[in-house]
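Asker: Dropping in work_1.cif, which is mmCIF, C-alpha atoms and all ligand atoms:
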```cif
data_data
loop_
_atom_site.label_atom_id
_atom_site.label_comp_id
_atom_site.auth_asym_id
_atom_site.auth_seq_id
_atom_site.Cartn_x
_atom_site.Cartn_y
_atom_site.Cartn_z
CA MET R 966 124.84 82.12 96.76
CA ARG R 967 124.36 80.08 99.94
CA HIS R 968 121.57 81.89 101.85
CA PHE R 969 119.21 84.68 100.78
CA THR R 970 117.93 86.98 103.53
CA GLY R 971 118.40 90.45 102.05
CA VAL R 972 119.59 92.67 99.24
CA LYS R 973 123.24 92.20 100.26
CA ASP R 974 123.10 88.52 99.22
CA LEU R 975 122.27 89.36 95.62
CA GLY R 976 125.36 91.47 94.94
CA ASP R 977 125.17 93.70 91.85
CA LEU R 978 121.50 94.62 91.37
CA HIS R 979 122.00 95.35 87.66
CA GLU R 980 123.30 91.82 87.13
CA ALA R 981 120.35 90.44 89.13
CA MET R 982 118.01 92.49 86.95
CA ARG R 983 119.67 91.13 83.81
CA GLU R 984 119.07 87.59 85.08
CA ALA R 985 115.48 88.44 85.94
CA LEU R 986 114.78 89.69 82.42
CA GLU R 987 116.49 86.64 80.92
CA ILE R 988 114.25 84.36 83.00
CA LYS R 989 111.19 86.40 82.13
CA GLN R 990 111.94 85.78 78.44
CA ASP R 991 112.24 82.04 79.05
CA ARG R 992 111.15 80.82 82.47
CA PHE R 993 112.27 77.24 81.77
CA LYS R 994 115.76 78.07 80.49
CA TYR R 995 117.33 76.47 83.58
CA VAL R 996 114.84 73.63 84.02
CA GLY R 997 117.68 71.08 84.27
CA LEU R 998 119.33 72.86 87.19
CA GLY R 999 116.93 71.56 89.84
CA ARG R 1000 116.67 67.98 88.62
CA ASN R 1001 116.54 65.60 91.62
CA ARG R 1002 116.73 68.58 93.98
CA THR R 1003 114.01 69.21 96.56
CA LEU R 1004 112.75 72.50 97.92
CA LEU R 1005 111.06 72.49 101.33
CA MET R 1006 108.86 75.52 101.97
CA VAL R 1007 108.11 76.01 105.68
CA PHE R 1008 105.27 78.34 106.60
CA PHE R 1009 104.75 79.59 110.14
CA ASN R 1010 102.28 82.17 108.71
CA SER R 1011 99.66 82.38 105.98
CA SER R 1012 100.50 83.14 102.36
CA LEU R 1013 98.97 83.26 98.90
CA ARG R 1014 101.55 84.89 96.60
CA THR R 1015 104.72 83.59 98.23
CA ARG R 1016 103.40 80.04 98.37
CA LEU R 1017 102.30 79.94 94.73
CA SER R 1018 105.08 81.97 93.15
CA THR R 1019 107.90 80.18 94.97
CA GLN R 1020 106.47 76.77 94.11
CA LYS R 1021 106.13 77.87 90.48
CA ALA R 1022 109.71 79.15 90.51
CA ALA R 1023 110.94 75.78 91.80
CA MET R 1024 108.96 74.03 89.05
CA ASN R 1025 110.52 76.37 86.46
CA LEU R 1026 113.89 75.03 87.62
CA GLY R 1027 112.79 71.40 87.61
CA MET R 1028 112.78 70.98 91.40
CA ASN R 1029 110.56 68.80 93.56
CA VAL R 1030 108.63 70.73 96.21
CA ILE R 1031 107.42 69.89 99.73
CA VAL R 1032 105.25 72.38 101.63
CA LEU R 1033 104.98 72.29 105.42
CA ASP R 1034 102.40 74.44 107.18
CA VAL R 1035 103.78 74.29 110.69
CA ASN R 1036 100.47 75.26 112.29
CA GLN R 1037 98.39 72.76 110.34
CA GLY R 1038 99.21 69.12 110.88
CA ALA R 1039 102.75 69.36 112.26
CA TRP R 1040 103.68 69.10 115.93
CA LYS R 1041 103.43 72.39 117.73
CA LEU R 1042 106.99 73.73 118.01
CA GLU R 1043 108.82 75.15 121.00
CA THR R 1044 111.35 77.79 119.97
CA GLU R 1045 112.89 78.74 123.34
CA ARG R 1046 115.89 76.74 124.56
CA GLY R 1047 115.81 75.77 128.23
CA VAL R 1048 112.03 75.62 128.48
CA ILE R 1049 110.51 72.69 130.45
CA MET R 1050 108.24 71.34 127.75
CA ASP R 1051 105.23 70.44 129.88
CA GLY R 1052 102.77 72.53 127.84
CA ASP R 1053 101.09 72.04 124.47
CA LYS R 1054 104.29 72.12 122.38
CA SER R 1055 105.42 68.58 121.53
CA GLU R 1056 108.62 69.18 119.57
CA HIS R 1057 111.54 71.57 119.81
CA LEU R 1058 112.73 73.57 116.84
CA LEU R 1059 116.26 72.38 117.64
CA GLU R 1060 115.30 68.82 116.60
CA ALA R 1061 112.69 69.74 114.01
CA VAL R 1062 114.98 71.98 111.93
CA PRO R 1063 117.81 69.45 111.36
CA VAL R 1064 115.19 66.79 110.63
CA MET R 1065 113.65 69.03 107.97
CA GLY R 1066 117.14 69.49 106.52
CA CYS R 1067 117.38 65.70 106.02
CA TYR R 1068 114.60 65.69 103.43
CA CYS R 1069 115.57 68.53 101.11
CA ASP R 1070 118.33 70.48 99.39
CA VAL R 1071 117.00 74.02 99.94
CA ILE R 1072 114.66 75.49 102.59
CA GLY R 1073 112.40 78.53 102.28
CA VAL R 1074 111.07 79.92 105.56
CA ARG R 1075 108.18 82.26 106.30
CA SER R 1076 108.24 83.45 109.88
CA PHE R 1077 106.76 86.84 110.73
CA ALA R 1078 107.57 89.08 113.68
CA ARG R 1079 105.80 87.79 116.78
CA PHE R 1080 105.87 91.10 118.69
CA GLU R 1081 106.79 89.27 121.91
CA SER R 1082 110.33 90.63 121.93
CA LYS R 1083 111.86 93.20 119.61
CA ALA R 1084 115.29 91.69 120.25
CA ASP R 1085 114.07 88.26 119.07
CA ASP R 1086 112.29 89.70 116.03
CA TYR R 1087 115.12 91.98 114.97
CA GLY R 1088 117.62 89.21 115.69
CA GLU R 1089 115.64 87.03 113.23
CA LYS R 1090 115.58 84.26 115.79
CA ILE R 1091 113.57 81.72 113.77
CA LEU R 1092 115.19 82.30 110.38
CA ASN R 1093 118.66 82.17 111.90
CA GLN R 1094 117.94 78.87 113.63
CA PHE R 1095 117.14 77.39 110.21
CA ILE R 1096 120.40 78.80 108.83
CA ARG R 1097 122.35 77.47 111.80
CA TYR R 1098 120.81 74.03 112.31
CA SER R 1099 119.30 72.81 109.02
CA GLY R 1100 122.62 72.25 107.24
CA LYS R 1101 120.99 73.49 104.04
CA PRO R 1102 120.80 76.78 102.13
CA VAL R 1103 117.94 78.86 103.51
CA PHE R 1104 116.05 81.74 101.96
CA SER R 1105 113.54 84.13 103.44
CA MET R 1106 109.94 83.91 102.27
CA GLU R 1107 109.31 86.91 104.61
CA ALA R 1108 110.89 86.94 108.00
CA ALA R 1109 110.49 89.23 110.99
CA THR R 1110 112.35 92.22 109.56
CA GLY R 1111 112.47 91.72 105.82
CA HIS R 1112 110.69 90.43 102.74
CA PRO R 1113 113.46 90.41 100.12
CA LEU R 1114 111.64 88.28 97.50
CA GLN R 1115 108.89 90.92 97.48
CA SER R 1116 111.31 93.83 97.22
CA PHE R 1117 113.19 92.14 94.40
CA ALA R 1118 109.89 91.74 92.54
CA ASP R 1119 109.05 95.39 93.24
CA TYR R 1120 112.47 96.42 91.90
CA ILE R 1121 111.89 94.43 88.71
CA THR R 1122 108.44 96.04 88.33
CA ILE R 1123 109.80 99.57 88.71
CA GLU R 1124 112.64 98.90 86.26
CA GLU R 1125 110.07 97.69 83.73
CA HIS R 1126 107.93 100.82 84.10
CA ARG R 1127 110.28 103.71 84.85
CA THR R 1128 110.75 106.40 82.21
CA LYS R 1129 113.29 108.46 84.17
CA GLN R 1130 116.88 107.58 84.96
CA ARG R 1131 116.29 108.23 88.67
CA PRO R 1132 112.56 108.03 89.45
CA LYS R 1133 111.09 109.43 92.65
CA VAL R 1134 109.75 106.52 94.69
CA VAL R 1135 107.53 107.38 97.67
CA MET R 1136 106.63 104.83 100.32
CA SER R 1137 103.64 105.92 102.36
CA TRP R 1138 102.31 104.52 105.61
CA ALA R 1139 98.52 103.99 105.52
CA PRO R 1140 96.09 102.92 108.26
CA HIS R 1141 95.20 99.30 109.09
CA PRO R 1142 93.10 97.78 111.89
CA LYS R 1143 95.73 95.20 112.87
CA SER R 1144 99.29 95.46 114.08
CA LEU R 1145 101.52 94.61 111.11
CA PRO R 1146 105.27 93.93 111.02
CA GLN R 1147 107.85 96.25 109.46
CA ALA R 1148 109.28 93.56 107.16
CA VAL R 1149 107.92 94.86 103.84
CA PRO R 1150 108.65 98.56 104.43
CA ASN R 1151 112.12 97.78 105.82
CA SER R 1152 113.01 95.77 102.74
CA PHE R 1153 111.38 98.12 100.27
CA ALA R 1154 113.30 101.12 101.66
CA GLU R 1155 116.57 99.22 101.63
CA TRP R 1156 116.17 97.90 98.07
CA MET R 1157 114.99 101.20 96.58
CA VAL R 1158 117.99 103.04 98.01
CA ALA R 1159 120.29 100.25 96.77
CA ALA R 1160 118.71 100.64 93.31
CA GLY R 1161 119.80 104.30 93.30
CA TYR R 1162 116.31 105.83 93.15
CA GLU R 1163 115.22 109.02 94.91
CA VAL R 1164 113.43 107.53 97.92
CA VAL R 1165 111.01 109.40 100.19
CA ILE R 1166 109.25 107.75 103.13
CA THR R 1167 106.18 109.39 104.61
CA HIS R 1168 104.36 108.43 107.80
CA PRO R 1169 102.88 110.00 110.92
CA GLU R 1170 105.36 110.76 113.69
CA GLY R 1171 106.11 107.68 115.76
CA TYR R 1172 106.28 105.31 112.79
CA GLU R 1173 110.00 105.77 112.10
CA LEU R 1174 111.65 102.62 110.77
CA GLU R 1175 115.11 101.51 111.90
CA SER R 1176 117.71 103.74 110.26
CA ARG R 1177 119.74 100.77 109.08
CA PHE R 1178 116.94 100.09 106.57
CA THR R 1179 116.12 103.68 105.63
CA ALA R 1180 119.62 105.18 105.34
CA GLY R 1181 119.74 107.16 102.10
CA ALA R 1182 115.97 107.84 102.05
CA ARG R 1183 114.35 111.15 103.01
CA ILE R 1184 111.69 111.11 105.74
CA GLU R 1185 108.78 113.52 105.18
CA TYR R 1186 105.96 113.73 107.72
CA ASP R 1187 103.68 115.71 105.39
CA GLN R 1188 102.16 113.08 103.09
CA MET R 1189 100.95 115.54 100.43
CA LYS R 1190 104.37 117.17 100.24
CA ALA R 1191 106.02 113.74 99.94
CA PHE R 1192 103.75 112.79 97.02
CA GLU R 1193 104.56 115.89 94.95
CA GLY R 1194 106.18 114.83 91.68
CA ALA R 1195 106.33 111.14 92.64
CA ASP R 1196 106.78 108.58 89.86
CA PHE R 1197 105.91 105.56 92.00
CA VAL R 1198 103.81 105.42 95.17
CA TYR R 1199 104.16 102.36 97.40
CA ALA R 1200 101.51 102.19 100.13
CA LYS R 1201 101.95 99.99 103.17
CA ASN R 1202 100.92 99.81 106.77
CA TRP R 1203 103.36 98.99 109.53
CA SER R 1204 103.25 99.17 113.30
CA ALA R 1205 105.61 101.25 115.43
CA ALA R 1206 109.21 100.04 115.37
CA SER R 1207 110.56 102.06 118.30
CA ASP R 1208 111.70 100.29 121.47
CA ALA R 1209 109.08 102.20 123.47
CA HIS R 1210 106.09 101.34 121.26
CA TYR R 1211 107.26 98.25 119.37
CA GLY R 1212 104.39 96.58 117.50
CA GLN R 1213 101.80 99.14 118.57
CA ILE R 1214 99.20 100.92 116.45
CA LEU R 1215 99.68 104.65 117.05
CA SER R 1216 97.28 106.03 114.45
CA MET R 1217 94.20 105.01 112.49
CA ASP R 1218 94.05 108.31 110.62
CA ARG R 1219 92.18 107.55 107.40
CA SER R 1220 93.26 110.81 105.81
CA TRP R 1221 96.45 108.78 105.05
CA THR R 1222 94.48 106.29 102.90
CA VAL R 1223 95.94 106.69 99.40
CA GLY R 1224 93.29 108.10 97.06
CA GLU R 1225 92.81 110.42 94.10
CA ARG R 1226 93.61 113.46 96.29
CA GLN R 1227 97.18 112.30 96.95
CA MET R 1228 97.75 110.78 93.48
CA ALA R 1229 96.73 114.12 91.85
CA VAL R 1230 99.91 115.84 93.05
CA THR R 1231 102.23 113.11 91.72
CA ASP R 1232 103.80 112.99 88.26
CA ASN R 1233 101.08 110.57 87.12
CA ALA R 1234 102.60 108.03 89.49
CA TYR R 1235 102.14 104.31 89.38
CA PHE R 1236 100.51 102.81 92.47
CA MET R 1237 102.13 99.81 94.14
CA HIS R 1238 101.32 97.49 97.06
CA CYS R 1239 102.66 94.02 97.89
CA LEU R 1240 99.18 92.57 98.59
CA PRO R 1241 97.10 91.42 100.37
CA VAL R 1242 95.61 94.88 100.75
CA ARG R 1243 92.66 96.21 102.73
CA ARG R 1244 90.75 98.38 100.29
CA ASN R 1245 89.60 101.79 101.47
CA MET R 1246 91.94 101.54 104.45
CA ILE R 1247 95.28 101.44 102.61
CA VAL R 1248 94.06 102.54 99.16
CA THR R 1249 90.76 103.51 97.58
CA ASP R 1250 88.98 101.29 95.06
CA GLU R 1251 89.52 103.93 92.37
CA VAL R 1252 93.31 104.02 92.73
CA ILE R 1253 93.90 100.28 93.03
CA GLU R 1254 91.60 99.61 90.07
CA GLY R 1255 92.98 102.54 88.07
CA PRO R 1256 95.17 102.36 84.95
CA ARG R 1257 98.35 103.21 86.91
CA SER R 1258 97.97 100.38 89.43
CA LEU R 1259 100.83 97.86 89.31
CA VAL R 1260 99.67 95.50 92.03
CA ILE R 1261 99.13 92.55 89.66
CA PRO R 1262 102.43 92.97 87.73
CA GLU R 1263 104.23 93.11 91.08
CA ALA R 1264 102.64 89.84 92.14
CA ALA R 1265 103.48 88.30 88.76
CA ASN R 1266 107.12 89.29 89.20
CA ARG R 1267 107.27 87.29 92.43
CA GLU R 1268 107.69 84.21 90.23
CA ILE R 1269 110.66 85.88 88.52
CA SER R 1270 112.39 87.06 91.69
CA ALA R 1271 112.00 83.61 93.27
CA THR R 1272 113.32 81.89 90.14
CA VAL R 1273 116.47 84.06 90.13
CA VAL R 1274 117.08 83.43 93.85
CA LEU R 1275 116.52 79.68 93.62
CA LYS R 1276 118.67 79.47 90.49
CA ARG R 1277 121.55 81.16 92.28
CA ILE R 1278 121.18 78.88 95.32
CA LEU R 1279 121.10 75.79 93.09
CA GLU R 1280 124.22 76.99 91.26
CA GLY R 1281 125.98 77.18 94.64
CA LEU R 1282 125.13 73.59 95.71
CA ASP R 1283 127.88 70.96 95.81
N1 LIG P 1 103.06 89.78 99.17
C1 LIG P 1 103.08 88.57 99.78
O1 LIG P 1 104.10 88.12 100.30
O2 LIG P 1 101.88 87.91 99.73
P1 LIG P 1 101.52 86.61 100.59
O3 LIG P 1 101.56 87.03 102.04
O4 LIG P 1 100.15 86.21 100.15
O5 LIG P 1 102.53 85.56 100.32
#
```
Take the structure from the file and write it as structure tokens.
Ligand code: CP

Answerer:
Amino acid sequence: MRHFTGVKDLGDLHEAMREALEIKQDRFKYVGLGRNRTLLMVFFNSSLRTRLSTQKAAMNLGMNVIVLDVNQGAWKLETERGVIMDGDKSEHLLEAVPVMGCYCDVIGVRSFARFESKADDYGEKILNQFIRYSGKPVFSMEAATGHPLQSFADYITIEEHRTKQRPKVVMSWAPHPKSLPQAVPNSFAEWMVAAGYEVVITHPEGYELESRFTAGARIEYDQMKAFEGADFVYAKNWSAASDAHYGQILSMDRSWTVGERQMAVTDNAYFMHCLPVRRNMIVTDEVIEGPRSLVIPEAANREISATVVLKRILEGLD
């Protein structure tokens, strides 16, 4: 594998799952693979889980790791070509990216949607510049429209806990005070459909995600109806994705906060969230602390998903 930006790059999900379980049994099985190889992790945005789990994954494979927080200590970067750089940005991404490529073998990039232009966000402008100009394999540590390392970890977590051949997986929008990207819900929908599960997405009208991510899932605007018989509930906030309202908050309706009322109509569903989560906005204390909450196992599986992805990239190096 050269680059990793989505589920398509992983190929057969069952084979990826087999590798994930193999690595979970022995995280250091491939510790020789990354010897004298360097991972550069570039963060344009904050992170706890991605930062720690990806670094741990690289260490599992014997790699050296460099972390660059672009907004802390690096030159402020211009990303637009053609701009007269007479402002506060001292360096252009078009020089910075190939320079970064000089110091490493693999690059992980975290670059969220900026909500300045839907075309730029959905064209994955920053991530694609790394792919184009770094000269190195690049993987997404959450980009504008997807968070594949998270969805891979979620897939592993569901496979470990499902008791039915084809579980019902419900992704529910929930309220949040800030405008959040669609990366996690886009990816989750795409991966769950690819896994062959029954996928239902529930949200207030106006929060429709792009159909290229949700194809194969059922959209249900009645949250209680969506939750009926669910085996897994995945709560997440996202802002509007439509051209007309891109990045906007259209609802703060706290009746959508996932609590005992909604979980009672499920088939004793597990609760999932990628974290970080705002308690009593997205989910009540009782549900996230309850015996069916999988939020910590999901986070733990981030190490496994990142190890599989890095292993495959290392295997593809010259
Ligand atoms: N779930 C996730 O990606 O967490 P961080 O933003 O803390 O990395």

Asker: Which polymer residues have any atom within 8 Å of an atom of Leu1059 of chain R, counting only C-alpha atoms, with same-chain residues fewer than 5 positions away left out, as number ranges by chain?

Answerer: R: 1044, 1094, 1098

Asker: Using only C-alpha atoms and all ligand atoms, which residues of the polymer chains come no farther than 8 Å from ligand LIG 1 (chain P)? I'd like the answer as a list in words.

Answerer: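 With only C-alpha atoms and all ligand atoms and a cut-off of 8 Å, ligand LIG 1 (chain P) is contacted by Ser1011, Ser1012, Leu1013, Arg1014, Thr1015, Arg1016, Leu1017, Met1106, Glu1107, His1112, Gln1115, Cys1239, Leu1240, Pro1241 and Ala1264 of chain R.
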
Asker: I'd like to know which of R:Lys1083, R:Arg983, R:Arg1257, R:Lys1021 is closest to Leu1004 of chain R, using all atoms listed in the file.

Answerer: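 Using all atoms listed in the file, Leu1004 of chain R sits closest to R:Lys1021.
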
Asker: So that I can see what lies close to Ile1269 of chain R, please list as a ChimeraX atom specification the residues with an atom at most 7 Å from it, counting only C-alpha atoms and leaving out residues fewer than 5 positions away in the same chain.

Answerer: /R:985,988-989

Asker: Output C-alpha atoms of each residue in that selection to a file, as a compact mmCIF listing (two decimals), keeping the file's coordinate frame.

Answerer:
```txt
# COMPACT_ATOMS: atom_id res chain seq x y z
CA ALA R 985 115.48 88.44 85.94
CA ILE R 988 114.25 84.36 83.00
CA LYS R 989 111.19 86.40 82.13
```

Asker: From the set R:Tyr1211, R:Tyr1087, R:Phe1104, R:Tyr1235, which residue has the shortest atom-to-atom contact distance to Gly1194 of chain R, counting only C-alpha atoms?

Answerer: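 Closest residue, counting only C-alpha atoms: R:Tyr1235.
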
Asker: Of the candidates R:Ile1261, R:Cys1069, R:Met1136, R:Leu1145, which one gets nearest to Gln1213 of chain R if we count all atoms listed in the file?

Answerer: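 Using all atoms listed in the file, Gln1213 of chain R sits closest to R:Leu1145.
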
Asker: For the atom pair atom CA of Thr1222 of chain R and atom CA of Thr1249 of chain R, what is the interatomic distance in Å to one decimal place?

Answerer: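 Between atom CA of Thr1222 of chain R and atom CA of Thr1249 of chain R the gap works out to 7.1 Å.
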
Asker: Could you name the residues that touch Ser1018 of chain R at 8 Å or less, counting all atoms listed in the file, but leaving out those on the same chain fewer than 6 positions away, as a list in words?

Answerer: Ala1265, Arg1267, Glu1268 and Ala1271 of chain R

Asker: Output the selection as a short mmCIF file (atom, residue, chain, number, x, y, z; two decimals), in the frame of the given file - C-alpha atoms for each residue.

Answerer:
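Below is the file selection_28.cif, written as the result:
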```cif
data_model
loop_
_atom_site.label_atom_id
_atom_site.label_comp_id
_atom_site.auth_asym_id
_atom_site.auth_seq_id
_atom_site.Cartn_x
_atom_site.Cartn_y
_atom_site.Cartn_z
CA ALA R 1265 103.48 88.30 88.76
CA ARG R 1267 107.27 87.29 92.43
CA GLU R 1268 107.69 84.21 90.23
CA ALA R 1271 112.00 83.61 93.27
#
```

Asker: Which residue, R:Ala1078, R:Leu1058, R:Met982, R:Met1006, has the smallest gap to Thr1110 of chain R when you use all atoms listed in the file?

Answerer: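 Distance minimum relative to Thr1110 of chain R lands on R:Ala1078.
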